[in-house]
>>> print(open('upload.tsv').read())   # TSV, C-alpha atoms
chain	number	residue	atom	x	y	z
A	1	MET	CA	30.64	24.80	249.40
A	2	ASN	CA	32.57	24.66	246.14
A	3	ALA	CA	31.68	21.94	243.66
A	4	SER	CA	34.27	19.26	242.99
A	5	PRO	CA	36.05	19.16	239.61
A	6	ALA	CA	34.03	16.06	238.63
A	7	ASP	CA	30.75	17.82	239.42
A	8	ARG	CA	31.78	20.90	237.47
A	9	LEU	CA	32.84	18.88	234.45
A	10	GLN	CA	29.62	16.87	234.54
A	11	HIS	CA	27.55	20.06	234.70
A	12	TRP	CA	29.49	21.63	231.83
A	13	HIS	CA	29.18	18.41	229.80
A	14	ARG	CA	25.38	18.42	230.08
A	15	GLY	CA	25.21	22.10	229.17
A	16	ALA	CA	27.48	21.66	226.13
A	17	LEU	CA	25.45	18.69	224.90
A	18	VAL	CA	22.17	20.59	225.22
A	19	ALA	CA	23.64	23.65	223.47
A	20	GLY	CA	25.07	21.50	220.68
A	21	ILE	CA	21.77	19.73	220.02
A	22	ALA	CA	19.83	23.01	220.12
A	23	GLY	CA	22.25	24.78	217.78
A	24	ALA	CA	22.27	21.85	215.36
A	25	ALA	CA	18.46	21.77	215.34
A	26	VAL	CA	18.23	25.48	214.51
A	27	TRP	CA	20.85	25.10	211.78
A	28	ILE	CA	19.05	22.12	210.21
A	29	VAL	CA	15.80	24.07	210.03
A	30	ALA	CA	17.60	27.03	208.47
A	31	ALA	CA	19.27	24.74	205.92
A	32	PHE	CA	15.89	23.90	204.42
A	33	PHE	CA	15.30	27.56	203.58
A	34	ALA	CA	18.84	28.75	202.70
A	35	ARG	CA	20.90	25.70	201.81
A	36	ALA	CA	24.00	27.38	200.39
A	37	ALA	CA	24.27	29.98	203.17
A	38	ALA	CA	23.74	27.30	205.81
A	39	TRP	CA	26.55	25.11	204.49
A	40	GLN	CA	28.84	28.11	204.22
A	41	ALA	CA	28.17	28.87	207.88
A	42	TYR	CA	28.77	25.21	208.69
A	43	TRP	CA	32.13	25.34	206.94
A	44	PHE	CA	33.28	28.33	208.98
A	45	ALA	CA	32.27	26.60	212.21
A	46	TRP	CA	33.87	23.30	211.22
A	47	VAL	CA	37.18	24.93	210.21
A	48	PHE	CA	37.36	26.71	213.56
A	49	TRP	CA	36.60	23.69	215.75
A	50	ALA	CA	38.83	21.46	213.63
A	51	GLY	CA	41.55	24.01	214.35
A	52	VAL	CA	41.00	23.60	218.09
A	53	GLY	CA	41.28	19.81	217.76
A	54	PHE	CA	44.43	19.91	215.65
A	55	GLY	CA	45.85	22.71	217.78
A	56	SER	CA	45.35	20.49	220.84
A	57	LEU	CA	47.38	17.82	219.06
A	58	ALA	CA	50.19	20.31	218.41
A	59	LEU	CA	50.07	21.35	222.08
A	60	LEU	CA	50.16	17.74	223.30
A	61	LEU	CA	53.09	16.91	221.02
A	62	LEU	CA	54.94	20.00	222.25
A	63	LEU	CA	54.35	18.93	225.86
A	64	SER	CA	55.99	15.57	225.13
A	65	LEU	CA	59.13	17.40	223.99
A	66	THR	CA	59.23	20.07	226.72
A	67	PRO	CA	58.01	18.55	229.98
A	68	GLY	CA	57.80	20.84	232.97
A	69	ALA	CA	55.62	22.07	235.79
A	70	TRP	CA	53.61	24.31	233.46
A	71	SER	CA	52.92	21.43	231.08
A	72	ASP	CA	51.34	19.28	233.81
A	73	ALA	CA	48.44	21.74	234.14
A	74	VAL	CA	47.47	21.64	230.46
A	75	GLN	CA	48.28	17.98	229.76
A	76	ARG	CA	44.77	16.64	230.44
A	77	PRO	CA	43.01	19.38	228.41
A	78	ALA	CA	45.36	18.70	225.50
A	79	GLU	CA	44.74	14.94	225.75
A	80	ALA	CA	40.98	15.45	225.78
A	81	GLY	CA	41.21	17.90	222.88
A	82	VAL	CA	42.90	15.39	220.57
A	83	MET	CA	40.16	12.85	221.25
A	84	THR	CA	37.72	15.11	219.39
A	85	LEU	CA	39.50	14.41	216.07
A	86	PRO	CA	37.33	11.37	215.19
A	87	LEU	CA	34.21	13.51	215.74
A	88	LEU	CA	35.63	16.22	213.50
A	89	ALA	CA	36.40	13.65	210.81
A	90	LEU	CA	32.78	12.47	210.99
A	91	LEU	CA	31.47	16.04	210.78
A	92	LEU	CA	33.52	16.59	207.62
A	93	VAL	CA	31.51	13.99	205.70
A	94	PRO	CA	28.22	15.94	205.19
A	95	PRO	CA	29.81	18.97	203.43
A	96	LEU	CA	31.38	16.62	200.86
A	97	PHE	CA	27.90	16.20	199.36
A	98	PHE	CA	27.42	19.99	199.01
A	99	MET	CA	30.83	21.05	197.70
A	100	THR	CA	29.38	23.23	194.93
A	101	ASP	CA	27.84	25.45	197.62
A	102	LEU	CA	31.27	25.96	199.18
A	103	PHE	CA	34.02	25.80	196.56
A	104	ALA	CA	33.95	27.51	193.18
A	105	TRP	CA	36.33	24.91	191.75
A	106	ALA	CA	33.78	22.15	192.43
A	107	ARG	CA	31.47	23.69	189.82
A	108	PRO	CA	31.95	22.54	186.20
A	109	GLY	CA	34.17	24.78	184.06
A	110	SER	CA	35.34	26.98	186.91
A	111	LEU	CA	39.11	26.58	186.27
A	112	PRO	CA	39.45	26.64	182.48
A	113	ASP	CA	42.94	28.19	182.40
A	114	ALA	CA	44.60	26.12	185.12
A	115	PRO	CA	45.05	22.44	184.20
A	116	HIS	CA	47.26	21.78	187.23
A	117	ARG	CA	44.56	23.16	189.53
A	118	ARG	CA	41.89	21.12	187.75
A	119	ALA	CA	43.93	17.98	188.41
A	120	TRP	CA	44.41	18.84	192.08
A	121	LEU	CA	41.04	20.35	192.95
A	122	THR	CA	38.53	17.58	192.50
A	123	VAL	CA	36.03	16.41	195.08
A	124	PRO	CA	37.35	12.81	195.30
A	125	TRP	CA	40.95	13.96	195.76
A	126	PHE	CA	39.82	16.61	198.26
A	127	ALA	CA	38.10	13.88	200.29
A	128	VAL	CA	41.13	11.58	200.06
A	129	ARG	CA	43.55	14.28	201.21
A	130	SER	CA	41.28	15.30	204.08
A	131	ALA	CA	40.84	11.70	205.18
A	132	ALA	CA	44.61	11.20	204.99
A	133	CYS	CA	45.20	14.12	207.38
A	134	PHE	CA	43.01	12.46	210.00
A	135	ALA	CA	44.37	8.97	209.25
A	136	VAL	CA	47.95	10.16	209.76
A	137	LEU	CA	47.45	12.36	212.81
A	138	ILE	CA	44.92	10.41	214.89
A	139	PRO	CA	47.44	7.57	215.56
A	140	PHE	CA	49.94	10.17	216.81
A	141	ALA	CA	47.22	11.59	219.07
A	142	LEU	CA	46.38	8.16	220.52
A	143	ALA	CA	50.05	7.25	220.96
A	144	ALA	CA	50.88	10.53	222.73
A	145	ARG	CA	47.87	10.10	225.00
A	146	ARG	CA	48.67	6.52	225.97
A	147	SER	CA	52.45	6.41	226.10
A	148	ARG	CA	54.17	6.68	229.49
A	149	SER	CA	57.79	6.25	228.42
A	150	PRO	CA	59.64	9.62	228.26
A	151	ALA	CA	61.88	8.38	225.44
A	152	ALA	CA	58.92	7.10	223.44
A	153	LEU	CA	57.04	10.36	224.06
A	154	ARG	CA	59.94	12.38	222.71
A	155	GLY	CA	59.99	10.28	219.55
A	156	ILE	CA	56.22	10.59	219.15
A	157	GLY	CA	56.41	14.35	219.73
A	158	ALA	CA	59.19	14.94	217.21
A	159	GLY	CA	57.69	12.74	214.50
A	160	GLY	CA	54.18	13.95	215.23
A	161	LEU	CA	55.02	17.64	214.89
A	162	VAL	CA	56.67	17.01	211.50
A	163	ALA	CA	53.60	15.04	210.36
A	164	TYR	CA	51.32	17.76	211.75
A	165	PHE	CA	52.95	20.55	209.75
A	166	ILE	CA	52.98	18.47	206.56
A	167	CYS	CA	49.31	17.55	206.96
A	168	MET	CA	48.32	21.12	207.78
A	169	MET	CA	50.11	22.32	204.65
A	170	PHE	CA	47.65	20.27	202.62
A	171	ALA	CA	44.72	21.01	204.93
A	172	SER	CA	45.18	24.79	204.90
A	173	THR	CA	45.38	24.71	201.09
A	174	ASP	CA	42.28	22.55	200.69
A	175	TRP	CA	40.05	23.86	203.45
A	176	VAL	CA	40.71	27.61	203.25
A	177	LEU	CA	43.04	28.65	200.42
A	178	SER	CA	41.09	26.76	197.76
A	179	LEU	CA	37.98	28.78	198.61
A	180	GLU	CA	39.64	31.33	196.32
A	181	PRO	CA	41.67	29.09	193.99
A	182	GLN	CA	43.25	31.95	192.02
A	183	TRP	CA	45.04	33.19	195.15
A	184	TYR	CA	48.02	31.66	196.92
A	185	SER	CA	50.42	32.46	199.76
A	186	THR	CA	53.43	30.55	201.00
A	187	MET	CA	52.96	32.17	204.43
A	188	PHE	CA	49.37	31.05	204.90
A	189	VAL	CA	50.14	27.59	206.29
A	190	VAL	CA	52.21	29.23	209.05
A	191	ILE	CA	49.34	31.58	209.92
A	192	PHE	CA	46.94	28.62	209.84
A	193	THR	CA	48.97	26.43	212.21
A	194	ILE	CA	49.87	29.23	214.61
A	195	SER	CA	46.18	30.18	214.85
A	196	GLN	CA	45.29	26.57	215.66
A	197	PHE	CA	47.93	26.29	218.38
A	198	LEU	CA	47.07	29.71	219.82
A	199	THR	CA	43.38	28.82	220.04
A	200	ALA	CA	44.04	25.47	221.72
A	201	LEU	CA	46.51	27.04	224.16
A	202	ALA	CA	44.13	29.86	225.06
A	203	GLY	CA	41.26	27.41	225.57
A	204	ALA	CA	43.41	25.19	227.80
A	205	ILE	CA	44.47	28.21	229.89
A	206	VAL	CA	40.82	29.26	230.31
A	207	LEU	CA	39.98	25.78	231.61
A	208	VAL	CA	43.02	25.77	233.93
A	209	THR	CA	42.02	29.11	235.43
A	210	LEU	CA	38.41	27.98	235.93
A	211	LEU	CA	39.62	24.95	237.90
A	212	ALA	CA	42.52	26.72	239.59
A	213	ARG	CA	41.05	26.57	243.09
A	214	THR	CA	39.65	23.04	243.04
A	215	GLU	CA	41.52	20.21	244.75
A	216	PRO	CA	43.72	18.39	243.90
A	217	PHE	CA	44.17	20.37	240.67
A	218	ALA	CA	45.01	23.54	242.60
A	219	ALA	CA	48.40	22.06	243.52
A	220	LEU	CA	49.42	22.27	239.84
A	221	VAL	CA	48.26	25.83	239.27
A	222	THR	CA	51.05	27.66	241.03
A	223	THR	CA	52.13	31.23	240.43
A	224	LYS	CA	55.08	30.00	238.38
A	225	CYS	CA	52.85	27.73	236.30
A	226	LEU	CA	50.49	30.59	235.48
A	227	ASN	CA	53.42	32.87	234.69
A	228	ASP	CA	54.90	30.29	232.30
A	229	LEU	CA	51.56	29.77	230.57
A	230	GLY	CA	51.12	33.52	230.26
A	231	ASN	CA	54.58	33.88	228.74
A	232	LEU	CA	53.83	31.11	226.23
A	233	LEU	CA	50.55	32.79	225.31
A	234	LEU	CA	52.34	36.13	224.88
A	235	ALA	CA	54.98	34.54	222.63
A	236	PHE	CA	52.42	33.03	220.28
A	237	VAL	CA	50.26	36.16	220.23
A	238	MET	CA	53.34	38.04	219.00
A	239	PHE	CA	54.25	35.27	216.56
A	240	TRP	CA	50.74	35.29	215.07
A	241	ALA	CA	50.88	39.07	214.62
A	242	TYR	CA	54.32	38.80	213.03
A	243	VAL	CA	53.38	36.19	210.41
A	244	ALA	CA	49.99	37.76	209.63
A	245	PHE	CA	51.53	41.19	209.11
A	246	SER	CA	54.45	39.71	207.15
A	247	GLN	CA	52.06	38.13	204.66
A	248	PHE	CA	50.20	41.41	204.23
A	249	LEU	CA	53.41	43.44	203.89
A	250	ILE	CA	54.90	41.10	201.27
A	251	ILE	CA	51.73	41.10	199.18
A	252	TRP	CA	51.17	44.85	199.58
A	253	SER	CA	54.74	45.67	198.51
A	254	GLY	CA	54.54	43.34	195.50
A	255	ASN	CA	51.13	44.75	194.47
A	256	LEU	CA	50.50	42.00	191.92
A	257	PRO	CA	46.85	41.60	190.80
A	258	ARG	CA	46.71	37.86	191.47
A	259	GLU	CA	48.26	38.22	194.93
A	260	ILE	CA	46.22	41.19	196.18
A	261	SER	CA	42.84	39.73	195.15
A	262	TRP	CA	42.38	38.02	198.53
A	263	TYR	CA	42.72	41.31	200.40
A	264	LEU	CA	40.63	43.42	198.05
A	265	HIS	CA	37.23	42.23	199.27
A	266	ARG	CA	38.50	42.12	202.87
A	267	ARG	CA	39.10	45.87	202.93
A	268	THR	CA	35.56	46.96	202.00
A	269	GLY	CA	31.97	46.28	202.97
A	270	GLY	CA	32.68	46.20	206.71
A	271	TRP	CA	35.36	43.51	206.54
A	272	GLN	CA	38.06	46.16	207.06
A	273	TRP	CA	36.64	46.83	210.53
A	274	VAL	CA	36.86	43.14	211.33
A	275	ALA	CA	40.57	43.33	210.43
A	276	VAL	CA	40.98	46.34	212.72
A	277	ALA	CA	39.23	44.45	215.53
A	278	LEU	CA	41.60	41.52	215.04
A	279	ALA	CA	44.63	43.80	215.20
A	280	LEU	CA	43.31	45.21	218.48
A	281	PHE	CA	41.88	42.18	220.27
A	282	GLN	CA	44.06	39.37	218.96
A	283	PHE	CA	47.28	41.29	219.29
A	284	ALA	CA	47.42	44.80	220.75
A	285	VAL	CA	45.21	44.36	223.83
A	286	PRO	CA	46.46	40.86	224.84
A	287	PHE	CA	50.03	41.94	224.15
A	288	ALA	CA	49.73	44.97	226.41
A	289	LEU	CA	48.01	43.02	229.19
A	290	LEU	CA	50.41	40.07	229.08
A	291	LEU	CA	53.39	42.37	229.54
A	292	SER	CA	52.24	42.71	233.15
A	293	ARG	CA	53.68	40.02	235.42
A	294	ALA	CA	50.80	40.50	237.84
A	295	ALA	CA	48.29	39.73	235.08
A	296	LYS	CA	50.09	36.49	234.21
A	297	GLN	CA	50.48	35.28	237.78
A	298	HIS	CA	46.84	35.36	238.91
A	299	HIS	CA	44.20	33.02	237.48
A	300	ARG	CA	41.43	35.64	237.69
A	301	ARG	CA	43.45	37.97	235.45
A	302	LEU	CA	45.04	35.48	233.08
A	303	GLY	CA	41.77	33.64	232.41
A	304	PRO	CA	39.93	36.62	230.84
A	305	ILE	CA	42.98	37.46	228.70
A	306	ALA	CA	43.10	33.89	227.38
A	307	ALA	CA	39.33	34.00	226.79
A	308	LEU	CA	39.79	37.20	224.77
A	309	VAL	CA	42.44	35.50	222.61
A	310	PHE	CA	40.18	32.48	222.09
A	311	CYS	CA	37.20	34.65	221.05
A	312	ALA	CA	39.41	36.76	218.78
A	313	ASN	CA	40.46	33.57	217.00
A	314	VAL	CA	36.79	32.81	216.32
A	315	VAL	CA	36.56	36.16	214.55
A	316	ASN	CA	39.87	35.46	212.82
A	317	VAL	CA	38.57	32.24	211.23
A	318	TRP	CA	35.34	34.02	210.29
A	319	TRP	CA	37.45	36.69	208.55
A	320	LEU	CA	39.55	34.07	206.75
A	321	VAL	CA	36.61	32.01	205.49
A	322	THR	CA	33.42	34.03	205.19
A	323	PRO	CA	34.43	36.99	202.94
A	324	THR	CA	34.74	34.46	200.10
A	325	PHE	CA	31.00	33.85	200.41
A	326	GLN	CA	30.15	37.51	201.07
A	327	PRO	CA	32.48	39.53	198.83
A	328	GLY	CA	30.00	42.39	198.67
A	329	GLY	CA	30.24	43.09	202.38
A	330	ALA	CA	29.83	41.52	205.80
A	331	ARG	CA	26.36	40.44	206.85
A	332	PRO	CA	25.11	39.66	210.36
A	333	PRO	CA	26.10	36.07	211.21
A	334	TRP	CA	22.57	34.76	211.62
A	335	LEU	CA	23.44	31.28	210.38
A	336	GLU	CA	27.04	31.23	211.61
A	337	VAL	CA	25.88	31.46	215.24
A	338	PRO	CA	23.71	28.29	215.33
A	339	ALA	CA	26.28	26.41	213.22
A	340	PHE	CA	29.05	27.48	215.58
A	341	ILE	CA	27.03	26.57	218.68
A	342	GLY	CA	25.91	23.27	217.17
A	343	ILE	CA	29.36	22.02	216.18
A	344	GLY	CA	30.98	23.70	219.18
A	345	GLY	CA	28.53	22.18	221.63
A	346	LEU	CA	29.15	18.69	220.27
A	347	TRP	CA	32.92	19.35	220.30
A	348	CYS	CA	32.86	20.57	223.91
A	349	ALA	CA	30.64	17.67	225.01
A	350	THR	CA	33.11	15.20	223.49
A	351	PHE	CA	36.03	17.08	225.00
A	352	LEU	CA	34.50	17.08	228.47
A	353	PHE	CA	33.52	13.42	228.18
A	354	TYR	CA	37.15	12.43	227.68
A	355	LEU	CA	38.40	14.97	230.21
A	356	LYS	CA	36.31	13.22	232.88
A	357	GLN	CA	37.82	9.83	232.08
A	358	ARG	CA	41.15	10.57	233.75
A	359	PRO	CA	42.25	12.43	236.89
A	360	LEU	CA	43.03	16.06	236.16
A	361	VAL	CA	46.39	15.61	237.88
A	362	PRO	CA	48.63	13.27	235.81
A	363	SER	CA	49.56	10.05	237.63
A	364	ARG	CA	53.26	10.84	237.18
A	365	VAL	CA	52.84	13.99	239.26
A	366	LEU	CA	51.00	12.10	242.01
A	367	ASP	CA	53.75	9.45	242.07
A	368	GLU	CA	56.43	12.13	242.37
A	369	ALA	CA	54.51	13.76	245.23
A	370	ARG	CA	54.22	10.43	247.09
A	371	ASN	CA	57.92	9.74	246.65
A	372	GLY	CA	58.92	12.98	248.18
>>> encode(input="upload.tsv", output="structure tokens")
Amino acid sequence: MNASPADRLQHWHRGALVAGIAGAAVWIVAAFFARAAAWQAYWFAWVFWAGVGFGSLALLLLLSLTPGAWSDAVQRPAEAGVMTLPLLALLLVPPLFFMTDLFAWARPGSLPDAPHRRAWLTVPWFAVRSAACFAVLIPFALAARRSRSPAALRGIGAGGLVAYFICMMFASTDWVLSLEPQWYSTMFVVIFTISQFLTALAGAIVLVTLLARTEPFAALVTTKCLNDLGNLLLAFVMFWAYVAFSQFLIIWSGNLPREISWYLHRRTGGWQWVAVALALFQFAVPFALLLSRAAKQHHRRLGPIAALVFCANVVNVWWLVTPTFQPGGARPPWLEVPAFIGIGGLWCATFLFYLKQRPLVPSRVLDEARNG
């Protein structure tokens, strides 16, 4: 006999909580012996899971602007995802006490020739800007989750998406770009936000496909719903590839020393093979598979494709963040794994806790079904 959705979610919640506590315990022990490396691994893990939380907000705000049958299936996962933002804000506090292990600009005398960067890149202002991102976006998340008026939802969605992109412009600069403060890219914020949305969408699709045959959720997961979700995933896989390649092409054609510095230590020491893997498994393979209508219309085929995209985005964030700390070449991610499991387990436990609080089928859909 198949387990009910509530039983499955409860089982997954316990497993995520145990994994999170175990991963955090291993990471804490490792931090006593390799403090800098441990906090660098923590930063990679936090940036990724923060991306899933903020990407869930972008997905929820998009759903409020484009309601439809496909959006009903991912509404509850998106709502639960945004409720992890307070946890992510709390998990940002510890690294603020170890900024010199993460950011070169936090060390005295690191930016002698850039007074404008010295004024911008200070630990207090970094903390204020990061706090402001959460302070601005969490109210939009709560409002989108609680509102039931279609007109109000459209207003929240439109205003929230504008606020999201503005906040992520600052966040992408502070959290990732400033790891190498001499480098800049006007395209990076687009790559950053698309990666967040793509990860959240892929994760939501994985959850939908896992619950596709449980009642009453199965009524939402129709062939058309899966096809629409697959098409949306395909569109953003292509969009990510377009903006990522555009940034590389523009910088490669310009060939300016300050602009190419970011790519120089990502093309040696094993990092170049990570880039090849991303080109294959975050674009080429999903793109080829999602061209098939049959693959998009069956949950047992679409789920693994979405899982591949989600896992590829883990590697993508690792490739964006970690080469700064390992410019001499990639090393096995001994510390990244427990940090990722620790933060990820706590994130998933929080996500599943809120996912259990409401029926998986939105009340509006049930009301429409009762009324004919």
>>> residues_around(input="upload.tsv", residues="range 304-313 of chain A", least_positions_apart="6", cutoff="6 Å", atoms="all atoms listed in the file", output="list in words")
Thr199, Ala202, Val206 and Gln282 of chain A
>>> residues_around(input="upload.tsv", residues="Ile251 in chain A", least_positions_apart="2", cutoff="12 Å", atoms="all atoms listed in the file", output="list in words")
Trp183, Tyr184, Ser185, Thr186, Met187, Phe188, Ala244, Phe245, Ser246, Gln247, Phe248, Leu249, Ser253, Gly254, Asn255, Leu256, Pro257, Arg258, Glu259, Ile260, Ser261, Trp262, Tyr263 and Leu264 of chain A
>>> residues_around(input="upload.tsv", residues="range 4-14 of chain A", least_positions_apart="3", cutoff="10 Å", atoms="all atoms listed in the file", output="list in words")
Met1, Leu17, Val18, Ala19, Gly20, Leu210, Leu211, Ala212, Arg213, Thr214, Glu215, Pro216, Phe217, Gly345, Leu346, Cys348, Ala349, Thr350, Phe351, Leu352, Phe353, Leu355, Lys356, Gln357, Pro359 and Leu360 of chain A
>>> residues_around(input="upload.tsv", residues="Tyr42 in chain A", least_positions_apart="5", cutoff="8 Å", atoms="all atoms listed in the file", output="ChimeraX atom specification")
/A:336,339-340
>>> closest_residue(input="upload.tsv", among="A:Ser292, A:Thr193, A:Asn316, A:Thr100", to="Thr173 in chain A", atoms="only C-alpha atoms")
A:Thr193
>>> residues_around(input="upload.tsv", residues="Ala163 in chain A", least_positions_apart="4", cutoff="10 Å", atoms="all atoms listed in the file", output="ChimeraX atom specification")
/A:133,136-137,140,157-159,167-169
>>> closest_residue(input="upload.tsv", among="A:Val274, A:Gly303, A:Ala295, A:Arg76", to="Gly329 in chain A", atoms="all atoms listed in the file")
A:Val274
>>> residues_near_point(input="upload.tsv", point="(48.9, 37.2, 231.4)", cutoff="10 Å", atoms="all atoms listed in the file", output="MDAnalysis selection string")
chainID A and resid 226:234 286:306
